[in-house]
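Novice: This is coords.txt (compact mmCIF, C-alpha atoms).
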```
# COMPACT_ATOMS: atom_id res chain seq x y z
CA MET B 1 -29.23 -19.52 -18.95
CA GLU B 2 -28.09 -21.06 -15.71
CA ILE B 3 -24.45 -20.39 -14.98
CA PRO B 4 -22.95 -23.63 -13.70
CA TYR B 5 -20.80 -24.12 -10.61
CA THR B 6 -21.63 -20.88 -8.78
CA VAL B 7 -22.10 -22.76 -5.53
CA THR B 8 -21.32 -26.40 -6.19
CA ALA B 9 -17.79 -27.53 -6.87
CA ARG B 10 -16.75 -28.36 -10.41
CA PRO B 11 -15.66 -32.02 -10.36
CA ASP B 12 -12.30 -31.52 -12.06
CA THR B 13 -11.12 -28.48 -10.04
CA GLY B 14 -12.87 -29.27 -6.78
CA LEU B 15 -13.89 -25.59 -6.56
CA TRP B 16 -16.76 -23.35 -7.60
CA ASN B 17 -15.70 -21.39 -10.66
CA ALA B 18 -15.46 -17.86 -9.29
CA LYS B 19 -12.92 -19.01 -6.71
CA VAL B 20 -10.55 -20.21 -9.43
CA GLY B 21 -11.27 -17.06 -11.43
CA ILE B 22 -10.44 -14.63 -8.64
CA TRP B 23 -7.20 -16.41 -7.78
CA LEU B 24 -6.06 -16.34 -11.40
CA PHE B 25 -6.90 -12.64 -11.45
CA LEU B 26 -5.03 -12.03 -8.19
CA ALA B 27 -2.05 -13.89 -9.64
CA SER B 28 -1.98 -11.37 -12.49
CA GLU B 29 -2.38 -8.54 -9.97
CA VAL B 30 0.68 -9.80 -8.11
CA MET B 31 2.65 -9.40 -11.32
CA LEU B 32 1.22 -5.91 -11.94
CA PHE B 33 2.14 -4.61 -8.51
CA GLY B 34 5.32 -6.71 -8.51
CA GLY B 35 6.50 -4.84 -11.61
CA LEU B 36 5.90 -1.48 -9.95
CA PHE B 37 7.54 -2.55 -6.69
CA SER B 38 10.61 -3.84 -8.50
CA ALA B 39 10.78 -0.49 -10.35
CA TYR B 40 10.67 1.17 -6.93
CA VAL B 41 13.52 -1.02 -5.65
CA PHE B 42 15.53 -0.26 -8.78
CA LEU B 43 15.01 3.51 -8.54
CA ARG B 44 15.72 3.60 -4.83
CA LEU B 45 18.93 1.55 -4.95
CA ASP B 46 20.25 3.72 -7.78
CA ALA B 47 19.40 7.04 -6.14
CA ASP B 48 22.39 9.21 -5.23
CA PRO B 49 23.09 9.49 -1.49
CA GLY B 50 20.72 11.98 0.12
CA LEU B 51 18.46 12.16 -2.91
CA TRP B 52 15.90 9.64 -1.70
CA PRO B 53 13.60 11.83 0.42
CA HIS B 54 12.52 10.85 3.92
CA GLY B 55 9.75 12.07 6.13
CA LEU B 56 7.79 13.92 3.45
CA LEU B 57 4.54 12.07 4.08
CA ASN B 58 2.22 12.47 7.02
CA VAL B 59 2.88 9.40 9.18
CA PRO B 60 -0.08 9.67 11.63
CA VAL B 61 -2.52 10.06 8.73
CA GLY B 62 -0.89 7.12 6.91
CA THR B 63 -1.06 5.00 10.06
CA MET B 64 -4.73 5.86 10.48
CA ASN B 65 -5.46 4.90 6.87
CA THR B 66 -3.61 1.61 7.38
CA ALA B 67 -5.76 0.85 10.43
CA ILE B 68 -8.93 1.77 8.50
CA LEU B 69 -8.02 -0.62 5.69
CA ILE B 70 -7.26 -3.44 8.15
CA ALA B 71 -10.56 -2.79 9.94
CA SER B 72 -12.40 -3.01 6.62
CA SER B 73 -10.70 -6.34 5.90
CA VAL B 74 -12.05 -7.63 9.21
CA THR B 75 -15.58 -6.35 8.53
CA VAL B 76 -15.72 -7.85 5.04
CA VAL B 77 -14.75 -11.28 6.36
CA LEU B 78 -17.37 -10.85 9.10
CA ALA B 79 -19.93 -9.88 6.46
CA TRP B 80 -19.17 -13.12 4.63
CA ALA B 81 -19.38 -15.11 7.89
CA ALA B 82 -22.76 -13.49 8.63
CA LEU B 83 -24.08 -14.62 5.25
CA LYS B 84 -22.82 -18.13 5.88
CA MET B 85 -24.77 -18.10 9.14
CA ARG B 86 -27.77 -16.65 7.21
CA ARG B 87 -27.89 -13.42 9.19
CA TYR B 88 -28.65 -10.87 6.48
CA ARG B 89 -29.11 -7.94 8.88
CA ALA B 90 -25.60 -8.39 10.31
CA TYR B 91 -24.25 -8.83 6.78
CA TRP B 92 -25.84 -5.53 5.72
CA TRP B 93 -24.22 -3.64 8.61
CA TYR B 94 -20.77 -5.18 8.16
CA MET B 95 -20.92 -4.38 4.46
CA LEU B 96 -21.92 -0.78 5.18
CA ILE B 97 -18.95 -0.36 7.54
CA THR B 98 -16.63 -1.86 4.90
CA ILE B 99 -17.90 0.57 2.26
CA LEU B 100 -17.52 3.53 4.63
CA CYS B 101 -13.95 2.50 5.50
CA GLY B 102 -13.07 2.35 1.81
CA VAL B 103 -14.63 5.76 1.20
CA ILE B 104 -12.80 7.33 4.16
CA PHE B 105 -9.52 5.89 2.90
CA LEU B 106 -10.07 7.42 -0.55
CA VAL B 107 -11.20 10.78 0.79
CA VAL B 108 -8.11 11.07 3.03
CA LYS B 109 -5.90 10.20 0.08
CA LEU B 110 -7.52 12.33 -2.61
CA ALA B 111 -8.83 15.30 -0.63
CA TYR B 112 -6.06 15.65 1.93
CA GLU B 113 -2.78 13.84 1.28
CA TRP B 114 -2.39 14.36 -2.45
CA PRO B 115 -3.46 18.05 -2.72
CA GLN B 116 -1.08 18.94 0.11
CA LYS B 117 1.80 17.63 -2.00
CA PHE B 118 0.78 19.55 -5.11
CA ASP B 119 0.93 22.75 -3.09
CA HIS B 120 4.41 22.15 -1.67
CA PHE B 121 7.53 23.25 -3.52
CA GLY B 122 11.16 22.26 -3.52
CA ALA B 123 14.06 24.10 -5.17
CA PHE B 124 17.18 22.08 -6.02
CA ILE B 125 20.26 24.28 -5.74
CA LYS B 126 23.04 24.06 -8.35
CA PRO B 127 26.02 22.06 -6.99
CA ASP B 128 28.43 25.05 -7.09
CA LYS B 129 25.99 27.30 -5.21
CA LEU B 130 25.32 24.99 -2.26
CA GLU B 131 27.73 26.89 0.00
CA LYS B 132 25.82 30.13 -0.56
CA TYR B 133 22.72 28.58 0.99
CA GLU B 134 24.52 26.75 3.78
CA GLN B 135 22.28 28.47 6.37
CA TYR B 136 19.28 26.61 4.90
CA LEU B 137 20.99 23.34 3.96
CA GLY B 138 23.22 22.63 6.98
CA ASN B 139 25.66 20.53 4.96
CA HIS B 140 28.60 21.25 7.30
CA HIS B 141 26.59 19.80 10.14
CA LEU B 142 25.56 16.77 8.04
CA ALA B 143 29.17 16.15 6.93
CA GLU B 144 30.29 16.17 10.58
CA ARG B 145 27.76 13.48 11.36
CA GLY B 146 28.64 11.43 8.28
CA LEU B 147 25.21 11.98 6.70
CA PRO B 148 24.57 12.59 2.99
CA PRO B 149 24.30 16.28 1.98
CA ARG B 150 21.11 18.17 1.14
CA SER B 151 20.61 20.10 -2.08
CA GLU B 152 16.93 20.96 -1.83
CA ILE B 153 15.24 23.88 -0.10
CA SER B 154 11.54 23.24 0.32
CA GLY B 155 8.44 24.86 1.75
CA HIS B 156 5.57 27.07 0.73
CA LEU B 157 6.31 29.10 -2.40
CA HIS B 158 5.05 32.64 -1.79
CA ASN B 159 5.49 34.02 -5.29
CA LYS B 160 4.22 31.25 -7.55
CA GLU B 161 4.10 33.74 -10.43
CA ALA B 162 7.91 33.71 -10.42
CA LEU B 163 7.80 30.20 -11.87
CA ASN B 164 6.73 31.53 -15.27
CA ASP B 165 7.86 35.15 -15.11
CA PRO B 166 11.23 35.59 -16.87
CA ASN B 167 11.73 38.99 -15.17
CA ALA B 168 11.39 37.62 -11.64
CA LYS B 169 14.82 37.31 -10.05
CA GLU B 170 14.12 35.14 -7.01
CA TYR B 171 11.81 32.69 -5.30
CA GLU B 172 10.40 33.48 -1.87
CA ILE B 173 9.92 30.29 0.10
CA ALA B 174 8.44 29.96 3.59
CA LEU B 175 10.83 27.26 4.77
CA ASP B 176 10.04 23.77 5.92
CA PRO B 177 11.32 23.15 9.48
CA VAL B 178 14.26 21.14 8.14
CA ASN B 179 15.52 24.11 6.07
CA ALA B 180 14.63 26.69 8.72
CA ASP B 181 16.87 25.01 11.27
CA PRO B 182 19.09 22.63 9.25
CA ALA B 183 21.88 22.19 11.80
CA ASN B 184 19.48 21.03 14.51
CA PRO B 185 20.19 17.32 15.14
CA ASN B 186 16.43 16.77 15.51
CA MET B 187 16.15 17.35 11.77
CA ASP B 188 18.55 14.52 10.90
CA ARG B 189 15.77 11.96 10.99
CA PRO B 190 12.25 12.45 9.66
CA HIS B 191 9.58 13.78 11.97
CA PHE B 192 6.69 11.65 13.12
CA LEU B 193 4.22 14.49 13.09
CA TYR B 194 3.68 16.59 10.02
CA VAL B 195 5.09 20.05 10.66
CA PRO B 196 3.85 22.81 8.35
CA PRO B 197 6.25 25.32 6.79
CA THR B 198 7.58 27.94 9.21
CA ASP B 199 7.25 31.74 8.97
CA LYS B 200 10.94 32.01 8.11
CA LEU B 201 11.26 33.30 4.56
CA ALA B 202 14.18 32.57 2.28
CA ALA B 203 14.96 34.44 -0.92
CA ILE B 204 16.56 32.12 -3.44
CA GLU B 205 17.95 33.54 -6.63
CA LYS B 206 16.52 31.93 -9.72
CA GLU B 207 19.89 31.53 -11.37
CA ASP B 208 21.16 29.46 -8.42
CA VAL B 209 18.34 26.98 -8.84
CA GLU B 210 18.85 23.90 -10.96
CA ARG B 211 15.13 23.15 -10.98
CA ILE B 212 12.07 23.86 -8.89
CA SER B 213 8.84 21.89 -8.73
CA SER B 214 5.91 21.02 -6.54
CA PHE B 215 5.89 17.66 -4.76
CA GLY B 216 4.05 16.02 -7.67
CA PRO B 217 5.16 12.92 -9.60
CA TRP B 218 7.59 15.14 -11.60
CA HIS B 219 9.51 16.11 -8.43
CA SER B 220 11.63 12.98 -8.04
CA ALA B 221 11.80 9.22 -8.56
CA TYR B 222 10.42 8.97 -5.04
CA PHE B 223 7.24 10.92 -5.77
CA ALA B 224 6.89 9.35 -9.22
CA SER B 225 6.77 5.89 -7.65
CA TYR B 226 4.65 7.13 -4.73
CA PHE B 227 1.94 8.58 -6.97
CA THR B 228 2.02 5.65 -9.41
CA ILE B 229 1.70 2.97 -6.75
CA THR B 230 -0.74 4.77 -4.43
CA GLY B 231 -2.73 5.87 -7.49
CA LEU B 232 -3.08 2.33 -8.79
CA HIS B 233 -3.81 1.13 -5.27
CA GLY B 234 -6.44 3.85 -4.87
CA ALA B 235 -8.08 2.76 -8.13
CA HIS B 236 -8.31 -0.75 -6.66
CA VAL B 237 -9.90 0.60 -3.47
CA LEU B 238 -12.43 2.48 -5.61
CA GLY B 239 -13.18 -0.68 -7.61
CA GLY B 240 -13.67 -2.67 -4.41
CA VAL B 241 -16.00 -0.04 -2.95
CA LEU B 242 -18.17 -0.03 -6.10
CA ILE B 243 -18.47 -3.84 -6.04
CA PHE B 244 -19.34 -3.79 -2.34
CA ILE B 245 -22.01 -1.14 -2.91
CA TYR B 246 -23.61 -3.39 -5.53
CA MET B 247 -23.58 -6.32 -3.11
CA TRP B 248 -25.03 -4.17 -0.36
CA LEU B 249 -27.93 -2.68 -2.37
CA PRO B 250 -31.43 -4.26 -2.30
CA VAL B 251 -30.73 -5.94 -5.66
CA SER B 252 -28.49 -8.38 -3.81
CA LYS B 253 -31.18 -9.14 -1.26
CA ARG B 254 -33.12 -10.71 -4.12
CA LEU B 255 -30.22 -13.04 -4.81
CA TYR B 256 -30.01 -13.79 -1.09
CA ARG B 257 -33.64 -14.92 -1.05
CA GLN B 258 -33.14 -17.13 -4.10
CA ASN B 259 -29.75 -18.55 -3.30
CA PRO B 260 -27.97 -17.24 -0.19
CA GLU B 261 -24.93 -19.41 -0.85
CA HIS B 262 -24.43 -17.73 -4.23
CA LEU B 263 -24.34 -14.29 -2.60
CA ALA B 264 -21.99 -15.61 0.10
CA ASN B 265 -19.62 -16.83 -2.61
CA ARG B 266 -19.76 -13.49 -4.42
CA VAL B 267 -18.89 -11.74 -1.17
CA GLU B 268 -16.07 -14.20 -0.55
CA VAL B 269 -14.58 -13.49 -3.97
CA ALA B 270 -14.92 -9.71 -3.61
CA GLY B 271 -13.46 -10.09 -0.12
CA LEU B 272 -10.44 -11.95 -1.52
CA PHE B 273 -9.84 -8.99 -3.85
CA TRP B 274 -10.24 -6.58 -0.93
CA HIS B 275 -7.77 -8.51 1.25
CA PHE B 276 -5.28 -8.40 -1.61
CA VAL B 277 -5.65 -4.62 -1.81
CA ASP B 278 -5.06 -4.49 1.95
CA LEU B 279 -2.03 -6.73 1.52
CA VAL B 280 -0.51 -4.37 -1.06
CA TRP B 281 -1.01 -1.44 1.31
CA ILE B 282 0.80 -3.36 4.07
CA PHE B 283 3.94 -3.01 1.92
CA VAL B 284 3.20 0.46 0.55
CA PHE B 285 2.85 2.02 3.98
CA PRO B 286 6.33 1.27 5.41
CA LEU B 287 8.12 1.72 2.06
CA PHE B 288 6.79 5.19 1.32
CA TYR B 289 5.80 6.64 4.70
CA LEU B 290 8.37 5.24 7.09
CA LEU B 291 11.63 4.40 5.34
CA MET K 1 -11.60 -38.63 -16.61
CA ASN K 2 -8.34 -36.80 -15.92
CA GLU K 3 -5.61 -36.88 -13.31
CA THR K 4 -7.04 -34.06 -11.19
CA GLU K 5 -10.20 -35.97 -10.67
CA GLU K 6 -8.32 -39.09 -9.70
CA MET K 7 -6.53 -37.14 -6.99
CA MET K 8 -9.82 -36.10 -5.45
CA PRO K 9 -11.13 -38.05 -2.47
CA ALA K 10 -13.33 -41.00 -3.40
CA ASP K 11 -16.51 -39.14 -2.53
CA GLY K 12 -15.47 -36.26 -4.84
CA HIS K 13 -17.68 -33.19 -4.68
CA ALA K 14 -19.69 -34.63 -1.83
CA VAL K 15 -16.88 -33.47 0.49
CA PRO K 16 -18.60 -31.50 3.25
CA ASP K 17 -18.16 -27.73 2.92
CA ASP K 18 -15.70 -26.76 5.65
CA HIS K 19 -17.27 -23.31 5.71
CA ALA K 20 -20.60 -24.67 6.96
CA ALA K 21 -22.44 -22.37 9.34
CA HIS K 22 -21.36 -23.93 12.63
CA ASN K 23 -17.71 -23.82 11.50
CA VAL K 24 -17.94 -20.17 10.47
CA ALA K 25 -19.24 -19.14 13.88
CA LYS K 26 -16.12 -20.59 15.48
CA HIS K 27 -13.89 -18.53 13.20
CA VAL K 28 -15.36 -15.11 14.00
CA ARG K 29 -13.27 -14.70 17.16
CA LYS K 30 -10.16 -15.61 15.21
CA TYR K 31 -10.88 -12.94 12.57
CA LEU K 32 -11.24 -10.27 15.25
CA LEU K 33 -8.03 -11.42 16.91
CA VAL K 34 -6.11 -11.30 13.61
CA GLY K 35 -7.46 -7.79 12.94
CA ALA K 36 -6.24 -6.62 16.34
CA THR K 37 -2.84 -8.25 15.75
CA LEU K 38 -2.49 -6.51 12.38
CA ILE K 39 -3.24 -3.10 13.89
CA THR K 40 -0.81 -3.77 16.75
CA PHE K 41 1.92 -4.67 14.27
CA THR K 42 1.18 -1.52 12.28
CA ALA K 43 1.96 0.45 15.44
CA ILE K 44 5.09 -1.68 15.96
CA THR K 45 6.32 -0.91 12.40
CA VAL K 46 5.83 2.81 12.98
CA PHE K 47 7.72 2.58 16.28
CA LEU K 48 10.57 0.51 14.79
CA SER K 49 11.06 2.98 11.93
CA TYR K 50 12.17 5.55 14.52
CA VAL K 51 14.69 3.16 16.04
CA ASN K 52 18.06 3.40 14.33
CA PHE K 53 19.26 -0.11 13.48
CA GLY K 54 22.60 1.21 12.25
CA THR K 55 22.07 1.45 8.52
CA MET K 56 19.07 2.30 6.40
CA LYS K 57 19.32 -1.20 4.89
CA ALA K 58 18.85 -2.75 8.34
CA ASN K 59 15.80 -0.55 8.96
CA VAL K 60 14.31 -1.55 5.60
CA ALA K 61 14.95 -5.23 6.38
CA VAL K 62 13.21 -4.98 9.77
CA ALA K 63 10.20 -3.15 8.30
CA MET K 64 9.88 -5.67 5.45
CA LEU K 65 10.06 -8.53 7.94
CA VAL K 66 7.13 -7.10 9.90
CA ALA K 67 5.21 -6.38 6.67
CA THR K 68 5.78 -9.95 5.45
CA PHE K 69 4.46 -11.31 8.74
CA LYS K 70 1.36 -9.12 8.46
CA ALA K 71 0.84 -10.10 4.82
CA ALA K 72 1.15 -13.78 5.77
CA LEU K 73 -1.57 -13.33 8.40
CA VAL K 74 -3.90 -11.70 5.87
CA ALA K 75 -3.24 -14.41 3.28
CA THR K 76 -3.58 -17.42 5.59
CA ILE K 77 -6.51 -16.30 7.74
CA PHE K 78 -8.55 -13.67 5.87
CA MET K 79 -7.96 -15.21 2.45
CA HIS K 80 -8.42 -18.76 3.84
CA LEU K 81 -5.11 -19.94 2.40
CA SER K 82 -4.45 -21.99 5.54
CA ASN K 83 -7.13 -24.37 4.29
CA GLU K 84 -7.63 -24.20 0.53
CA LYS K 85 -7.99 -26.65 -2.35
CA ARG K 86 -4.91 -27.94 -4.17
CA LEU K 87 -5.54 -26.05 -7.42
CA ILE K 88 -5.24 -22.67 -5.67
CA TYR K 89 -1.83 -23.60 -4.28
CA ARG K 90 -0.74 -24.68 -7.74
CA ILE K 91 -1.71 -21.30 -9.16
CA LEU K 92 0.18 -19.58 -6.35
CA VAL K 93 3.35 -21.64 -6.83
CA PHE K 94 3.55 -20.33 -10.40
CA THR K 95 2.79 -16.79 -9.22
CA ALA K 96 5.54 -16.95 -6.63
CA PHE K 97 7.99 -18.33 -9.19
CA PHE K 98 7.33 -15.56 -11.70
CA VAL K 99 7.27 -12.69 -9.20
CA LEU K 100 10.53 -13.85 -7.65
CA GLY K 101 11.95 -14.08 -11.17
CA LEU K 102 10.86 -10.50 -11.75
CA PHE K 103 12.64 -9.30 -8.62
CA PHE K 104 15.69 -11.36 -9.57
CA LEU K 105 15.83 -9.43 -12.88
CA THR K 106 15.81 -6.18 -10.92
CA TYR K 107 18.61 -7.52 -8.79
CA LEU K 108 20.60 -8.49 -11.89
CA ALA K 109 20.14 -5.03 -13.41
CA TRP K 110 21.37 -3.44 -10.23
CA TYR K 111 24.23 -5.90 -9.69
CA ASP K 112 25.19 -5.55 -13.37
CA PRO K 113 27.46 -8.59 -13.78
CA VAL K 114 28.33 -7.74 -17.42
CA THR K 115 29.97 -4.34 -17.18
CA ARG K 116 31.12 -4.40 -13.57
```
Kindly transcribe the structure held in the file into structure tokens.
Specialist:
Amino acid sequence: MEIPYTVTARPDTGLWNAKVGIWLFLASEVMLFGGLFSAYVFLRLDADPGLWPHGLLNVPVGTMNTAILIASSVTVVLAWAALKMRRYRAYWWYMLITILCGVIFLVVKLAYEWPQKFDHFGAFIKPDKLEKYEQYLGNHHLAERGLPPRSEISGHLHNKEALNDPNAKEYEIALDPVNADPANPNMDRPHFLYVPPTDKLAAIEKEDVERISSFGPWHSAYFASYFTITGLHGAHVLGGVLIFIYMWLPVSKRLYRQNPEHLANRVEVAGLFWHFVDLVWIFVFPLFYLL
Amino acid sequence: MNETEEMMPADGHAVPDDHAAHNVAKHVRKYLLVGATLITFTAITVFLSYVNFGTMKANVAVAMLVATFKAALVATIFMHLSNEKRLIYRILVFTAFFVLGLFFLTYLAWYDPVTR
């Protein structure tokens, strides 16, 4: 059966069908991500002072991933332009670069950024014990500067077995720079470069700790929204990459020989989806990495 | 047949495709330029986030302003919204209406006019 209006415009809409289809789909995607972003706004505005973390993500790596995604948006539109000009060779190369950019983005996210968080721990100190750990929290210094207080001591947890061992009395944490030197004014604002935990060890008594967890979605509203939104976004990147691979494989060359305009339209539609994914990231990056 | 068709130009679907090959070639430079602008503005956002604009709210506002500008570039140039058929804009008007409504609900929940 011949599918109608793949290249010619349908008289009543003035568009080929897939174009209408993708925009309706993107409209629903706007609502999907809109719901999650409004949840983010809600959680953030309601967070107690000082309890919305800053500077926990690796800004240079995030910036690099942003640039990679933008570059792939450029190459996918160039791939489409190449098809329009009937230059299949150029199309093939631009598509390959797009696919590689998508793969690099996912690898950085899944193999580097996420695992690092799951291996990082934070202990929230009970409100009446904060003074005891002043040397790690620096709340006197923060109060002097009119900044919200800290209640979390974070870093690399040396004795992970203490998490489940009822006989263990304390946690040994190799401190993050901010807790190693909390009264240093340089620690008031987040660091640009990721700084690994220091060698300085802190012993924190279990009974002084309200709760302790890794930097997974269960850590805070911040990480819950971070993992939900970047996870859904990552799933979209994966979907885009799979579609692009299909359009790049020899099977699509057959379509090109039969009807190059049909392939060009497919690429345009997939490209529209890809640009939307890029567009979402343009908001994700400053909200989670920078602010 | 229906009102949409009546609003079409007299020559209907015979309207020349504005993405014809010679037109596309002209656009390639523009796409590269937009890509470079987007990457430049990414760097600008990163830089601005380390400038203290007084309050966190001010910093968020500045960053969202830059992000909105970048998003507008992607939508108008890469997604061809600067030159699209009427039906697409109609779809997007509804989308904008509902997504703004959604954010307005969030605002209401936060502002809480009933109990406050």
Novice: Show me a table, sorted first by chain and then by increasing residue number, of the residues of stretch 138-214 of chain B having an atom at most 12 Å from stretch 48-57 of chain B, each with its shortest atom pair and the distance in Å to one decimal, counting all atoms listed in the file and written as a Markdown table.
Specialist:
```
| residue | atom | partner | partner_atom | distance |
| --- | --- | --- | --- | --- |
| B:Asn139 | CA | B:Gly50 | CA | 11.0 |
| B:Leu142 | CA | B:Gly50 | CA | 10.4 |
| B:Ala143 | CA | B:Gly50 | CA | 11.6 |
| B:Gly146 | CA | B:Gly50 | CA | 11.4 |
| B:Leu147 | CA | B:Gly50 | CA | 8.0 |
| B:Pro148 | CA | B:Gly50 | CA | 4.8 |
| B:Pro149 | CA | B:Gly50 | CA | 5.9 |
| B:Arg150 | CA | B:Gly50 | CA | 6.3 |
| B:Ser151 | CA | B:Leu51 | CA | 8.3 |
| B:Glu152 | CA | B:Leu51 | CA | 9.0 |
| B:Ser154 | CA | B:Leu56 | CA | 10.5 |
| B:Gly155 | CA | B:Leu56 | CA | 11.1 |
| B:Asp176 | CA | B:Leu56 | CA | 10.4 |
| B:Pro177 | CA | B:Leu56 | CA | 11.6 |
| B:Val178 | CA | B:Gly55 | CA | 10.3 |
| B:Met187 | CA | B:Gly55 | CA | 10.0 |
| B:Asp188 | CA | B:His54 | CA | 9.9 |
| B:Arg189 | CA | B:Gly55 | CA | 7.7 |
| B:Pro190 | CA | B:Gly55 | CA | 4.3 |
| B:His191 | CA | B:Gly55 | CA | 6.1 |
| B:Phe192 | CA | B:Gly55 | CA | 7.6 |
| B:Leu193 | CA | B:Gly55 | CA | 9.2 |
| B:Tyr194 | CA | B:Leu57 | CA | 7.5 |
| B:Val195 | CA | B:Leu56 | CA | 9.8 |
| B:Pro196 | CA | B:Leu56 | CA | 10.9 |
| B:Pro197 | CA | B:Leu56 | CA | 12.0 |
```
Novice: When distances are computed from only C-alpha atoms, which of B:Leu249, B:Val241, B:Leu290, B:Ala47 shows the smallest separation from chain K?
Specialist: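 Of B:Leu249, B:Val241, B:Leu290, B:Ala47, the one nearest chain K is B:Leu290, counting only C-alpha atoms.
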Novice: I need the residue nearest chain K from this list: B:Glu113, B:Glu261, B:Glu172, B:Asp12. Use all atoms listed in the file for the distance.
Specialist: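 Checking each candidate against chain K, we get B:Asp12 as the closest.
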Novice: Residues of chain B within 7 Å of chain K, using all atoms listed in the file, as a ChimeraX atom specification?
Specialist: /B:9,11-14,20,23-24,27,31,34,38,42,67,70-71,74,77-78,81,84-85,272,275,279,282-283,286,290-291
Novice: Please work out which residues fall within 6 Å of (-15.9, -4.8, 8.4), coordinates as given in the file, with all atoms listed in the file counting, and return them as a VMD selection string.
Specialist: chain B and resid 71 to 76 94 97 to 98
Novice: Suppose you want the space between atom CA of B:Ala221 and atom CA of B:Gly138; what is it in Å?
Specialist: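 It comes out at 23.5 Å.
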Novice: Using all atoms listed in the file, determine which residues lie at most 9 Å from B:Glu205, disregarding the query and same-chain residues fewer than 3 positions distant; provide the list as a list of chain:residue names.
Specialist: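 Residues near the query, excluding close chain neighbours: B:Lys169, B:Glu170, B:Tyr171, B:Glu172, B:Asp208, B:Val209.
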Novice: Please measure the separation of atom CA of B:Glu268 and atom CA of B:Gly21, giving the value in Å to one decimal.
Specialist: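 Computed distance, atom CA of B:Glu268 to atom CA of B:Gly21, equals 12.2 Å.
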Novice: Any chance you could work out the axis-aligned box around stretch 62-68 of chain B, listed atoms only, 5 Å on each side, giving centre and edge lengths in Å to one decimal, as AutoDock Vina command-line options?
Specialist:
```
--center_x -4.9 --center_y 4.0 --center_z 8.7 --size_x 18.0 --size_y 16.3 --size_z 13.6
```
Novice: Please compute the atom CA of B:Lys126-atom CA of B:Ala39 distance, one decimal, in Å.
Specialist: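 It comes out at 27.5 Å.
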Novice: What lies within 8 Å of B:Asp119 using all atoms listed in the file, ignoring chain neighbours under 2 positions off, as a PDB file with C-alpha atoms, keeping the file's coordinate frame?
Specialist:
```
ATOM      1  CA  PRO B 115      -3.460  18.050  -2.720  1.00  0.00           C
ATOM      2  CA  GLN B 116      -1.080  18.940   0.110  1.00  0.00           C
ATOM      3  CA  LYS B 117       1.800  17.630  -2.000  1.00  0.00           C
ATOM      4  CA  PHE B 121       7.530  23.250  -3.520  1.00  0.00           C
ATOM      5  CA  HIS B 156       5.570  27.070   0.730  1.00  0.00           C
ATOM      6  CA  SER B 214       5.910  21.020  -6.540  1.00  0.00           C
ATOM      7  CA  PHE B 215       5.890  17.660  -4.760  1.00  0.00           C
TER       8      PHE B 215
END
```
